[in-house]
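data_9.pdb (PDB, C-alpha atoms) appears below.
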ATOM      1  CA  MET A   1       0.000   0.000   0.000
ATOM      2  CA  THR A   2       1.461   3.342  -1.047
ATOM      3  CA  THR A   3       0.689   6.417   1.017
ATOM      4  CA  ILE A   4       1.435  10.051   0.269
ATOM      5  CA  TYR A   5       4.351   9.927   2.712
ATOM      6  CA  ASP A   6       6.183   7.482   0.438
ATOM      7  CA  LYS A   7       6.110   9.913  -2.467
ATOM      8  CA  LEU A   8       6.566  13.353  -0.887
ATOM      9  CA  ARG A   9       9.753  15.162  -1.852
ATOM     10  CA  PHE A  10      10.512  17.965   0.586
ATOM     11  CA  ASN A  11      13.017  20.717  -0.158
ATOM     12  CA  SER A  12      16.266  21.164   1.762
ATOM     13  CA  ARG A  13      14.334  22.885   4.558
ATOM     14  CA  GLY A  14      11.890  19.994   4.881
ATOM     15  CA  LEU A  15       9.057  21.894   3.240
ATOM     16  CA  ILE A  16       6.792  21.443   0.232
ATOM     17  CA  PRO A  17       4.665  24.108  -1.476
ATOM     18  CA  ALA A  18       0.902  23.683  -1.178
ATOM     19  CA  VAL A  19      -1.734  25.378  -3.318
ATOM     20  CA  ALA A  20      -5.184  25.785  -1.764
ATOM     21  CA  GLN A  21      -8.185  25.698  -4.105
ATOM     22  CA  GLN A  22     -11.824  26.155  -3.088
ATOM     23  CA  PHE A  23     -13.299  22.722  -3.838
ATOM     24  CA  ASP A  24     -16.593  23.852  -5.416
ATOM     25  CA  THR A  25     -15.902  27.171  -7.152
ATOM     26  CA  LYS A  26     -12.338  26.043  -8.058
ATOM     27  CA  GLU A  27     -10.955  29.481  -7.152
ATOM     28  CA  VAL A  28      -7.258  29.311  -6.269
ATOM     29  CA  LEU A  29      -7.040  30.889  -2.818
ATOM     30  CA  MET A  30      -3.394  30.923  -1.742
ATOM     31  CA  MET A  31      -0.024  29.204  -1.780
ATOM     32  CA  ALA A  32       1.807  28.322   1.423
ATOM     33  CA  TRP A  33       4.265  25.736   2.717
ATOM     34  CA  MET A  34       3.812  22.478   4.584
ATOM     35  CA  SER A  35       6.151  20.335   6.674
ATOM     36  CA  ARG A  36       5.638  16.642   7.324
ATOM     37  CA  ASP A  37       4.141  17.504  10.713
ATOM     38  CA  SER A  38       1.705  19.958   9.176
ATOM     39  CA  ILE A  39       0.617  17.397   6.574
ATOM     40  CA  GLU A  40       0.066  14.781   9.287
ATOM     41  CA  GLN A  41      -1.939  17.217  11.375
ATOM     42  CA  THR A  42      -4.010  18.301   8.375
ATOM     43  CA  LEU A  43      -4.859  14.724   7.417
ATOM     44  CA  ALA A  44      -5.568  13.709  11.021
ATOM     45  CA  THR A  45      -7.817  16.639  11.901
ATOM     46  CA  GLY A  46      -9.236  17.802   8.560
ATOM     47  CA  HIS A  47      -8.212  21.369   9.470
ATOM     48  CA  VAL A  48      -5.584  22.690   7.070
ATOM     49  CA  THR A  49      -2.339  23.425   8.905
ATOM     50  CA  TYR A  50       0.628  24.997   7.150
ATOM     51  CA  TYR A  51       4.175  25.661   8.272
ATOM     52  CA  SER A  52       4.956  29.315   8.880
ATOM     53  CA  ARG A  53       8.415  30.105   7.541
ATOM     54  CA  SER A  54       8.503  33.411   9.398
ATOM     55  CA  ARG A  55       7.419  32.026  12.768
ATOM     56  CA  HIS A  56       9.159  28.649  12.285
ATOM     57  CA  SER A  57       6.154  26.795  13.602
ATOM     58  CA  LEU A  58       2.953  25.081  12.592
ATOM     59  CA  TRP A  59       0.245  27.503  11.558
ATOM     60  CA  ARG A  60      -3.297  26.265  11.716
ATOM     61  CA  LYS A  61      -4.999  28.354   9.048
ATOM     62  CA  GLY A  62      -7.471  30.707  10.705
ATOM     63  CA  GLU A  63      -6.163  30.234  14.248
ATOM     64  CA  SER A  64      -6.165  33.973  14.843
ATOM     65  CA  SER A  65      -8.596  35.218  12.174
ATOM     66  CA  GLY A  66     -11.200  32.447  12.373
ATOM     67  CA  GLN A  67     -10.952  32.023   8.591
ATOM     68  CA  THR A  68     -10.261  28.292   8.689
ATOM     69  CA  GLN A  69      -9.914  25.804   5.857
ATOM     70  CA  ARG A  70     -11.462  22.350   5.968
ATOM     71  CA  LEU A  71      -9.607  19.775   3.893
ATOM     72  CA  VAL A  72     -11.701  18.125   1.190
ATOM     73  CA  ASP A  73      -8.952  16.368  -0.788
ATOM     74  CA  MET A  74      -5.139  16.330  -0.764
ATOM     75  CA  ARG A  75      -3.392  15.791  -4.099
ATOM     76  CA  LEU A  76       0.241  15.281  -5.029
ATOM     77  CA  ASP A  77       1.888  16.149  -8.320
ATOM     78  CA  CYS A  78       3.863  13.892 -10.654
ATOM     79  CA  ASP A  79       7.242  14.824  -9.189
ATOM     80  CA  GLY A  80       6.056  14.604  -5.591
ATOM     81  CA  ASP A  81       7.239  18.137  -4.881
ATOM     82  CA  ALA A  82       3.981  20.120  -4.831
ATOM     83  CA  LEU A  83       0.615  19.641  -3.133
ATOM     84  CA  LEU A  84      -2.849  20.745  -4.195
ATOM     85  CA  LEU A  85      -5.328  21.063  -1.339
ATOM     86  CA  LEU A  86      -9.006  21.156  -2.179
ATOM     87  CA  VAL A  87     -10.496  23.024   0.743
ATOM     88  CA  ASP A  88     -13.666  24.582   2.019
ATOM     89  CA  GLN A  89     -12.698  28.099   3.065
ATOM     90  CA  VAL A  90     -14.555  29.825   5.880
ATOM     91  CA  GLY A  91     -14.768  33.524   5.012
ATOM     92  CA  VAL A  92     -11.704  34.838   3.222
ATOM     93  CA  ALA A  93      -8.304  33.251   2.618
ATOM     94  CA  CYS A  94      -6.192  36.413   2.452
ATOM     95  CA  HIS A  95      -4.974  38.387   5.457
ATOM     96  CA  THR A  96      -5.899  41.539   3.535
ATOM     97  CA  GLY A  97      -9.556  40.505   3.756
ATOM     98  CA  ARG A  98      -9.861  39.425   0.136
ATOM     99  CA  HIS A  99     -11.228  36.052  -0.822
ATOM    100  CA  SER A 100      -8.033  34.997  -2.590
ATOM    101  CA  CYS A 101      -4.429  36.071  -2.047
ATOM    102  CA  PHE A 102      -4.005  36.362  -5.827
ATOM    103  CA  TYR A 103      -5.773  39.693  -6.078
ATOM    104  CA  ARG A 104      -3.313  41.539  -8.322
ATOM    105  CA  ALA A 105      -2.948  41.039 -12.075
ATOM    106  CA  GLN A 106      -0.379  42.346 -14.534
ATOM    107  CA  ARG A 107      -2.431  43.952 -17.301
ATOM    108  CA  HIS A 108      -1.357  46.500 -19.910
ATOM    109  CA  ASN A 109       2.089  46.665 -18.266
ATOM    110  CA  GLU A 110       0.565  47.607 -14.939
ATOM    111  CA  LEU A 111      -0.303  45.756 -11.723
ATOM    112  CA  GLU A 112      -4.033  46.089 -11.124
ATOM    113  CA  GLU A 113      -6.071  45.098  -8.079
ATOM    114  CA  ILE A 114      -8.858  42.842  -9.299
ATOM    115  CA  LEU A 115     -10.484  41.685  -6.051
ATOM    116  CA  GLN A 116     -12.071  43.849  -3.432
ATOM    117  CA  VAL A 117     -11.652  43.698   0.334
ATOM    118  CA  GLU A 118     -14.580  41.774   1.819
ATOM    119  CA  VAL A 119     -13.616  42.002   5.494
ATOM    120  CA  THR A 120     -11.334  44.643   6.955
ATOM    121  CA  PRO A 121      -8.132  43.338   8.555
ATOM    122  CA  GLU A 122      -9.248  45.059  11.799
ATOM    123  CA  LYS A 123     -12.329  42.889  11.824
ATOM    124  CA  LEU A 124     -10.271  39.799  10.984
ATOM    125  CA  TYR A 125      -7.582  40.199  13.578
ATOM    126  CA  GLY A 126      -9.262  42.421  16.126
ATOM    127  CA  LYS A 127      -7.925  45.577  17.670
ATOM    128  CA  LYS A 128      -7.013  46.074  21.276
ATOM    129  CA  LYS A 129      -9.469  48.420  22.892
ATOM    130  CA  SER A 130      -7.837  51.427  24.407
ATOM    131  CA  VAL A 131      -8.644  51.533  28.123
TER     132      VAL A 131
ATOM    133  CA  MET B   1       2.747  53.273 -12.280
ATOM    134  CA  THR B   2       3.378  50.000 -10.454
ATOM    135  CA  THR B   3       4.296  46.916 -12.459
ATOM    136  CA  ILE B   4       4.592  43.315 -11.330
ATOM    137  CA  TYR B   5       8.384  43.659 -11.286
ATOM    138  CA  ASP B   6       8.171  46.159  -8.424
ATOM    139  CA  LYS B   7       6.365  43.654  -6.212
ATOM    140  CA  LEU B   8       7.944  40.293  -7.034
ATOM    141  CA  ARG B   9       9.845  38.645  -4.199
ATOM    142  CA  PHE B  10      12.163  35.957  -5.505
ATOM    143  CA  ASN B  11      13.748  33.325  -3.252
ATOM    144  CA  SER B  12      17.489  33.114  -2.595
ATOM    145  CA  ARG B  13      17.923  31.344  -5.950
ATOM    146  CA  GLY B  14      16.122  34.101  -7.831
ATOM    147  CA  LEU B  15      13.002  32.004  -8.388
ATOM    148  CA  ILE B  16       9.303  32.264  -7.576
ATOM    149  CA  PRO B  17       6.744  29.427  -7.594
ATOM    150  CA  ALA B  18       4.046  29.645 -10.267
ATOM    151  CA  VAL B  19       0.763  27.756 -10.316
ATOM    152  CA  ALA B  20      -0.832  27.181 -13.719
ATOM    153  CA  GLN B  21      -4.622  27.053 -13.893
ATOM    154  CA  GLN B  22      -6.702  26.408 -17.011
ATOM    155  CA  PHE B  23      -8.513  29.703 -17.480
ATOM    156  CA  ASP B  24     -11.973  28.367 -18.379
ATOM    157  CA  THR B  25     -12.374  25.055 -16.538
ATOM    158  CA  LYS B  26     -10.311  26.366 -13.580
ATOM    159  CA  GLU B  27      -8.470  23.043 -13.295
ATOM    160  CA  VAL B  28      -5.106  23.441 -11.564
ATOM    161  CA  LEU B  29      -2.620  21.959 -14.014
ATOM    162  CA  MET B  30       0.843  22.166 -12.468
ATOM    163  CA  MET B  31       3.277  24.077 -10.306
ATOM    164  CA  ALA B  32       6.679  25.121 -11.554
ATOM    165  CA  TRP B  33       9.237  27.883 -11.007
ATOM    166  CA  MET B  34       9.933  31.139 -12.798
ATOM    167  CA  SER B  35      12.929  33.456 -12.914
ATOM    168  CA  ARG B  36      12.744  37.124 -13.817
ATOM    169  CA  ASP B  37      13.852  36.258 -17.362
ATOM    170  CA  SER B  38      11.146  33.631 -17.700
ATOM    171  CA  ILE B  39       8.492  36.074 -16.490
ATOM    172  CA  GLU B  40       9.686  38.700 -18.962
ATOM    173  CA  GLN B  41       9.655  36.199 -21.800
ATOM    174  CA  THR B  42       6.199  34.934 -20.839
ATOM    175  CA  LEU B  43       4.734  38.432 -20.744
ATOM    176  CA  ALA B  44       6.465  39.490 -23.954
ATOM    177  CA  THR B  45       5.502  36.451 -26.031
ATOM    178  CA  GLY B  46       2.330  35.139 -24.389
ATOM    179  CA  HIS B  47       3.909  31.658 -24.332
ATOM    180  CA  VAL B  48       4.421  30.442 -20.774
ATOM    181  CA  THR B  49       8.107  29.936 -20.053
ATOM    182  CA  TYR B  50       9.315  28.498 -16.751
ATOM    183  CA  TYR B  51      12.784  28.063 -15.296
ATOM    184  CA  SER B  52      13.978  24.468 -15.175
ATOM    185  CA  ARG B  53      15.770  23.854 -11.893
ATOM    186  CA  SER B  54      17.251  20.597 -13.184
ATOM    187  CA  ARG B  55      18.526  22.003 -16.477
ATOM    188  CA  HIS B  56      19.322  25.451 -15.047
ATOM    189  CA  SER B  57      17.787  27.160 -18.042
ATOM    190  CA  LEU B  58      14.606  28.668 -19.396
ATOM    191  CA  TRP B  59      12.020  26.066 -20.297
ATOM    192  CA  ARG B  60       9.381  27.100 -22.760
ATOM    193  CA  LYS B  61       6.479  24.863 -21.788
ATOM    194  CA  GLY B  62       5.802  22.409 -24.592
ATOM    195  CA  GLU B  63       9.072  23.009 -26.434
ATOM    196  CA  SER B  64       9.661  19.284 -26.822
ATOM    197  CA  SER B  65       6.158  17.861 -26.338
ATOM    198  CA  GLY B  66       4.157  20.471 -28.232
ATOM    199  CA  GLN B  67       1.867  20.839 -25.202
ATOM    200  CA  THR B  68       2.240  24.611 -24.916
ATOM    201  CA  GLN B  69       0.515  27.044 -22.590
ATOM    202  CA  ARG B  70      -0.779  30.407 -23.760
ATOM    203  CA  LEU B  71      -0.881  33.041 -21.035
ATOM    204  CA  VAL B  72      -4.302  34.513 -20.362
ATOM    205  CA  ASP B  73      -3.614  36.389 -17.116
ATOM    206  CA  MET B  74      -0.702  36.644 -14.663
ATOM    207  CA  ARG B  75      -1.570  37.216 -11.000
ATOM    208  CA  LEU B  76       0.559  37.911  -7.946
ATOM    209  CA  ASP B  77      -0.265  37.058  -4.347
ATOM    210  CA  CYS B  78      -0.405  39.379  -1.348
ATOM    211  CA  ASP B  79       3.170  38.676  -0.249
ATOM    212  CA  GLY B  80       4.582  38.894  -3.762
ATOM    213  CA  ASP B  81       6.137  35.457  -3.461
ATOM    214  CA  ALA B  82       3.816  33.305  -5.565
ATOM    215  CA  LEU B  83       2.333  33.619  -9.059
ATOM    216  CA  LEU B  84      -0.917  32.302 -10.471
ATOM    217  CA  LEU B  85      -0.935  31.893 -14.240
ATOM    218  CA  LEU B  86      -4.259  31.583 -15.979
ATOM    219  CA  VAL B  87      -3.396  29.677 -19.135
ATOM    220  CA  ASP B  88      -4.881  27.967 -22.121
ATOM    221  CA  GLN B  89      -3.255  24.548 -22.214
ATOM    222  CA  VAL B  90      -2.748  22.767 -25.524
ATOM    223  CA  GLY B  91      -3.259  19.050 -24.933
ATOM    224  CA  VAL B  92      -2.019  17.862 -21.557
ATOM    225  CA  ALA B  93       0.085  19.635 -18.924
ATOM    226  CA  CYS B  94       1.763  16.598 -17.368
ATOM    227  CA  HIS B  95       4.752  14.765 -18.813
ATOM    228  CA  THR B  96       2.979  11.510 -17.891
ATOM    229  CA  GLY B  97       0.282  12.344 -20.448
ATOM    230  CA  ARG B  98      -2.352  13.324 -17.902
ATOM    231  CA  HIS B  99      -4.214  16.604 -18.155
ATOM    232  CA  SER B 100      -2.983  17.796 -14.757
ATOM    233  CA  CYS B 101       0.165  16.945 -12.806
ATOM    234  CA  PHE B 102      -1.952  16.603  -9.643
ATOM    235  CA  TYR B 103      -3.262  13.152 -10.524
ATOM    236  CA  ARG B 104      -2.734  11.411  -7.179
ATOM    237  CA  ALA B 105      -4.920  11.864  -4.095
ATOM    238  CA  GLN B 106      -4.483  10.643  -0.533
ATOM    239  CA  ARG B 107      -7.750   8.884   0.276
ATOM    240  CA  HIS B 108      -8.465   6.332   3.010
ATOM    241  CA  ASN B 109      -4.782   6.410   3.994
ATOM    242  CA  GLU B 110      -3.728   5.464   0.508
ATOM    243  CA  LEU B 111      -2.412   7.315  -2.543
ATOM    244  CA  GLU B 112      -4.822   6.792  -5.418
ATOM    245  CA  GLU B 113      -4.460   7.710  -9.080
ATOM    246  CA  ILE B 114      -7.504   9.770 -10.016
ATOM    247  CA  LEU B 115      -6.697  10.912 -13.561
ATOM    248  CA  GLN B 116      -6.081   8.711 -16.545
ATOM    249  CA  VAL B 117      -3.330   8.955 -19.132
ATOM    250  CA  GLU B 118      -4.697  10.744 -22.194
ATOM    251  CA  VAL B 119      -1.586  10.651 -24.372
ATOM    252  CA  THR B 120       1.254   8.171 -23.949
ATOM    253  CA  PRO B 121       4.643   9.695 -23.127
ATOM    254  CA  GLU B 122       6.015   7.984 -26.243
ATOM    255  CA  LYS B 123       3.556   9.958 -28.335
ATOM    256  CA  LEU B 124       4.387  13.153 -26.426
ATOM    257  CA  TYR B 125       8.151  12.940 -26.650
ATOM    258  CA  GLY B 126       8.644  10.618 -29.600
ATOM    259  CA  LYS B 127      10.791   7.550 -29.742
ATOM    260  CA  LYS B 128      13.812   7.007 -31.898
ATOM    261  CA  LYS B 129      13.095   4.412 -34.520
ATOM    262  CA  SER B 130      15.449   1.503 -34.408
ATOM    263  CA  VAL B 131      17.255   1.268 -37.751
TER     264      VAL B 131
END
Go through the file and emit its structure as structure tokens.
Amino acid sequence: MTTIYDKLRFNSRGLIPAVAQQFDTKEVLMMAWMSRDSIEQTLATGHVTYYSRSRHSLWRKGESSGQTQRLVDMRLDCDGDALLLLVDQVGVACHTGRHSCFYRAQRHNELEEILQVEVTPEKLYGKKKSV
Amino acid sequence: MTTIYDKLRFNSRGLIPAVAQQFDTKEVLMMAWMSRDSIEQTLATGHVTYYSRSRHSLWRKGESSGQTQRLVDMRLDCDGDALLLLVDQVGVACHTGRHSCFYRAQRHNELEEILQVEVTPEKLYGKKKSV
């Protein structure tokens, strides 16, 4: 029996890129990185968990914003060095409050914003009340 | 005027991951890497050109197989460190002859093949006739 762990090819830092796609609309939401631990946790719990390269730790998507991702299907590419996660996104995927992180397009030699902010970052991440 | 080149964040090897998505069906086809040169060439010609990490050179998608990708839209994510290419794929994206490289899924603790071969690799890449 072959499992995904037999075929994964991590980079020199033990990470593999993962693309998240909304399972029903097929919108590509974001790209992030996963470690073996984050893959195991994602498969075990059904909650998508990435590896944060800036914080050097597991990052359960939505842990601070509430915008979680439920795993629907995990796919591996032919070379074993990229993952495609079909997910069900709660709310918005992007920390800017847009549905997808890919909200800028190069058109007519210019970078245009093509998606609007649906939730303000203040609402996503809260703001300490001044006492 | 801001262009995509002002916002791109390449890794330490001068590369950025790029996800290719079929523009109309929204199927995610593959993930590969791009250099600044490959991005410039892609935008200038409309033919998607990646950077081959194994050959250390530009790789015009389909140059040997004929399975080219026409660029429809190039998008950049919020952090500037991942690209989404909306493309029109001729034939199949995967060197195994499947439409997408993401043809394996982890289901019931097992890696299953979920896409069939549409063109044999021999047909894609040719075979030298024995004389």
For this session: Return as JSON, numbers by chain the set of residues that the PyMOL selection byres ((chain B) within 9 of (chain A)) yields on the displayed structure.
Result: {"B": [1, 2, 3, 4, 5, 7, 17, 19, 21, 25, 26, 27, 28, 30, 31, 32, 43, 73, 74, 75, 76, 77, 78, 79, 81, 82, 83, 84, 94, 95, 96, 100, 101, 102, 103, 104, 105, 106, 107, 109, 110, 111, 112]}
Over all C-alpha pairs taken in sequence order, what does chain B look like after a least-squares fit onto chain A? Please give it as an mmCIF file with C-alpha atoms, in the frame of the given file.
data_model
loop_
_atom_site.group_PDB
_atom_site.id
_atom_site.type_symbol
_atom_site.label_atom_id
_atom_site.label_comp_id
_atom_site.auth_asym_id
_atom_site.auth_seq_id
_atom_site.Cartn_x
_atom_site.Cartn_y
_atom_site.Cartn_z
ATOM 1 C CA MET B 1 0.003 -0.027 -0.059
ATOM 2 C CA THR B 2 1.474 3.319 -1.099
ATOM 3 C CA THR B 3 0.688 6.401 0.965
ATOM 4 C CA ILE B 4 1.433 10.039 0.231
ATOM 5 C CA TYR B 5 4.359 9.912 2.665
ATOM 6 C CA ASP B 6 6.201 7.474 0.396
ATOM 7 C CA LYS B 7 6.118 9.926 -2.504
ATOM 8 C CA LEU B 8 6.585 13.350 -0.917
ATOM 9 C CA ARG B 9 9.770 15.171 -1.870
ATOM 10 C CA PHE B 10 10.523 17.954 0.578
ATOM 11 C CA ASN B 11 13.032 20.726 -0.155
ATOM 12 C CA SER B 12 16.284 21.165 1.769
ATOM 13 C CA ARG B 13 14.332 22.875 4.570
ATOM 14 C CA GLY B 14 11.908 19.975 4.883
ATOM 15 C CA LEU B 15 9.056 21.878 3.243
ATOM 16 C CA ILE B 16 6.792 21.428 0.229
ATOM 17 C CA PRO B 17 4.671 24.114 -1.470
ATOM 18 C CA ALA B 18 0.903 23.678 -1.184
ATOM 19 C CA VAL B 19 -1.731 25.376 -3.312
ATOM 20 C CA ALA B 20 -5.182 25.777 -1.770
ATOM 21 C CA GLN B 21 -8.178 25.685 -4.099
ATOM 22 C CA GLN B 22 -11.817 26.135 -3.090
ATOM 23 C CA PHE B 23 -13.302 22.733 -3.847
ATOM 24 C CA ASP B 24 -16.589 23.848 -5.434
ATOM 25 C CA THR B 25 -15.893 27.175 -7.155
ATOM 26 C CA LYS B 26 -12.332 26.055 -8.042
ATOM 27 C CA GLU B 27 -10.946 29.484 -7.125
ATOM 28 C CA VAL B 28 -7.247 29.319 -6.252
ATOM 29 C CA LEU B 29 -7.038 30.880 -2.802
ATOM 30 C CA MET B 30 -3.395 30.908 -1.727
ATOM 31 C CA MET B 31 -0.034 29.191 -1.756
ATOM 32 C CA ALA B 32 1.799 28.312 1.420
ATOM 33 C CA TRP B 33 4.258 25.714 2.715
ATOM 34 C CA MET B 34 3.815 22.460 4.589
ATOM 35 C CA SER B 35 6.150 20.315 6.665
ATOM 36 C CA ARG B 36 5.639 16.621 7.299
ATOM 37 C CA ASP B 37 4.129 17.463 10.698
ATOM 38 C CA SER B 38 1.702 19.923 9.151
ATOM 39 C CA ILE B 39 0.618 17.363 6.553
ATOM 40 C CA GLU B 40 0.074 14.750 9.257
ATOM 41 C CA GLN B 41 -1.938 17.176 11.349
ATOM 42 C CA THR B 42 -4.011 18.266 8.352
ATOM 43 C CA LEU B 43 -4.855 14.693 7.394
ATOM 44 C CA ALA B 44 -5.562 13.658 10.978
ATOM 45 C CA THR B 45 -7.819 16.586 11.877
ATOM 46 C CA GLY B 46 -9.237 17.755 8.545
ATOM 47 C CA HIS B 47 -8.207 21.321 9.462
ATOM 48 C CA VAL B 48 -5.582 22.650 7.066
ATOM 49 C CA THR B 49 -2.348 23.381 8.900
ATOM 50 C CA TYR B 50 0.626 24.965 7.146
ATOM 51 C CA TYR B 51 4.177 25.632 8.283
ATOM 52 C CA SER B 52 4.949 29.290 8.899
ATOM 53 C CA ARG B 53 8.402 30.084 7.554
ATOM 54 C CA SER B 54 8.496 33.388 9.437
ATOM 55 C CA ARG B 55 7.410 31.977 12.795
ATOM 56 C CA HIS B 56 9.145 28.616 12.288
ATOM 57 C CA SER B 57 6.138 26.750 13.601
ATOM 58 C CA LEU B 58 2.935 25.032 12.595
ATOM 59 C CA TRP B 59 0.235 27.460 11.554
ATOM 60 C CA ARG B 60 -3.304 26.219 11.733
ATOM 61 C CA LYS B 61 -5.007 28.310 9.069
ATOM 62 C CA GLY B 62 -7.485 30.653 10.717
ATOM 63 C CA GLU B 63 -6.163 30.196 14.252
ATOM 64 C CA SER B 64 -6.188 33.938 14.860
ATOM 65 C CA SER B 65 -8.615 35.171 12.192
ATOM 66 C CA GLY B 66 -11.208 32.406 12.383
ATOM 67 C CA GLN B 67 -10.958 31.982 8.599
ATOM 68 C CA THR B 68 -10.268 28.245 8.693
ATOM 69 C CA GLN B 69 -9.924 25.775 5.849
ATOM 70 C CA ARG B 70 -11.467 22.317 5.961
ATOM 71 C CA LEU B 71 -9.621 19.748 3.871
ATOM 72 C CA VAL B 72 -11.693 18.101 1.166
ATOM 73 C CA ASP B 73 -8.955 16.346 -0.821
ATOM 74 C CA MET B 74 -5.139 16.316 -0.792
ATOM 75 C CA ARG B 75 -3.387 15.785 -4.131
ATOM 76 C CA LEU B 76 0.250 15.286 -5.060
ATOM 77 C CA ASP B 77 1.910 16.178 -8.347
ATOM 78 C CA CYS B 78 3.886 13.926 -10.676
ATOM 79 C CA ASP B 79 7.270 14.857 -9.205
ATOM 80 C CA GLY B 80 6.075 14.635 -5.613
ATOM 81 C CA ASP B 81 7.247 18.161 -4.896
ATOM 82 C CA ALA B 82 3.995 20.126 -4.842
ATOM 83 C CA LEU B 83 0.621 19.644 -3.141
ATOM 84 C CA LEU B 84 -2.838 20.739 -4.201
ATOM 85 C CA LEU B 85 -5.321 21.055 -1.353
ATOM 86 C CA LEU B 86 -8.990 21.134 -2.193
ATOM 87 C CA VAL B 87 -10.495 23.009 0.732
ATOM 88 C CA ASP B 88 -13.659 24.559 2.008
ATOM 89 C CA GLN B 89 -12.687 28.062 3.070
ATOM 90 C CA VAL B 90 -14.555 29.788 5.884
ATOM 91 C CA GLY B 91 -14.778 33.483 5.034
ATOM 92 C CA VAL B 92 -11.717 34.821 3.249
ATOM 93 C CA ALA B 93 -8.308 33.235 2.645
ATOM 94 C CA CYS B 94 -6.204 36.399 2.494
ATOM 95 C CA HIS B 95 -4.982 38.363 5.499
ATOM 96 C CA THR B 96 -5.921 41.533 3.587
ATOM 97 C CA GLY B 97 -9.577 40.486 3.797
ATOM 98 C CA ARG B 98 -9.866 39.420 0.169
ATOM 99 C CA HIS B 99 -11.249 36.034 -0.786
ATOM 100 C CA SER B 100 -8.041 34.997 -2.549
ATOM 101 C CA CYS B 101 -4.437 36.072 -2.006
ATOM 102 C CA PHE B 102 -4.011 36.370 -5.792
ATOM 103 C CA TYR B 103 -5.779 39.718 -6.036
ATOM 104 C CA ARG B 104 -3.311 41.567 -8.270
ATOM 105 C CA ALA B 105 -2.942 41.066 -12.026
ATOM 106 C CA GLN B 106 -0.372 42.395 -14.474
ATOM 107 C CA ARG B 107 -2.429 43.985 -17.242
ATOM 108 C CA HIS B 108 -1.348 46.558 -19.832
ATOM 109 C CA ASN B 109 2.089 46.713 -18.189
ATOM 110 C CA GLU B 110 0.572 47.632 -14.871
ATOM 111 C CA LEU B 111 -0.300 45.786 -11.662
ATOM 112 C CA GLU B 112 -4.025 46.101 -11.049
ATOM 113 C CA GLU B 113 -6.072 45.117 -8.012
ATOM 114 C CA ILE B 114 -8.867 42.865 -9.238
ATOM 115 C CA LEU B 115 -10.488 41.686 -5.997
ATOM 116 C CA GLN B 116 -12.086 43.845 -3.368
ATOM 117 C CA VAL B 117 -11.663 43.695 0.390
ATOM 118 C CA GLU B 118 -14.581 41.758 1.864
ATOM 119 C CA VAL B 119 -13.640 41.975 5.538
ATOM 120 C CA THR B 120 -11.356 44.622 7.014
ATOM 121 C CA PRO B 121 -8.162 43.313 8.616
ATOM 122 C CA GLU B 122 -9.244 45.023 11.845
ATOM 123 C CA LYS B 123 -12.350 42.862 11.877
ATOM 124 C CA LEU B 124 -10.293 39.767 11.023
ATOM 125 C CA TYR B 125 -7.595 40.188 13.632
ATOM 126 C CA GLY B 126 -9.272 42.462 16.153
ATOM 127 C CA LYS B 127 -7.916 45.643 17.598
ATOM 128 C CA LYS B 128 -7.055 46.304 21.188
ATOM 129 C CA LYS B 129 -9.453 48.790 22.669
ATOM 130 C CA SER B 130 -7.765 51.830 24.058
ATOM 131 C CA VAL B 131 -8.578 52.086 27.768
#
For this session: Using CA of Leu8 (chain A) and CA of Arg36 (chain A) as the two end points, give the distance in Å to one decimal.
Result: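 It comes out at 8.9 Å.
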Exercise. Excluding same-chain residues fewer than 4 positions from Arg13 (chain A), what lies within 12 Å of it counting only C-alpha atoms, as a ChimeraX atom specification?
Worked result: /A:9,17,33-36,51,53,56
Exercise. Suppose you want the space between CA of Trp59 (chain A) and CA of Asp88 (chain A); what is it in Å?
Worked result: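 Those two atoms sit 17.1 Å apart.
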For this session: Extract, using all atoms listed in the file, all DNA, RNA and protein residues at most 7 Å from His47 (chain B), discarding same-chain residues fewer than 5 positions from it, and format them as a list of chain:residue names.
Result: B:Thr42, B:Gln69, B:Arg70, B:Leu71
Return as JSON the centre and edge lengths, in Å with one decimal, of the box along x, y and z that encloses every atom of region 52-55 of chain B in the file, padded by 4 Å per side.
{"center_x": 16.3, "center_y": 22.5, "center_z": -14.2, "size_x": 12.5, "size_y": 11.9, "size_z": 12.6}
For this session: Provide the CA of Leu58 (chain B) to CA of Gln41 (chain B) distance in Å, to one decimal place.
Result: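 Going from CA of Leu58 (chain B) over to CA of Gln41 (chain B), I get 9.3 Å.
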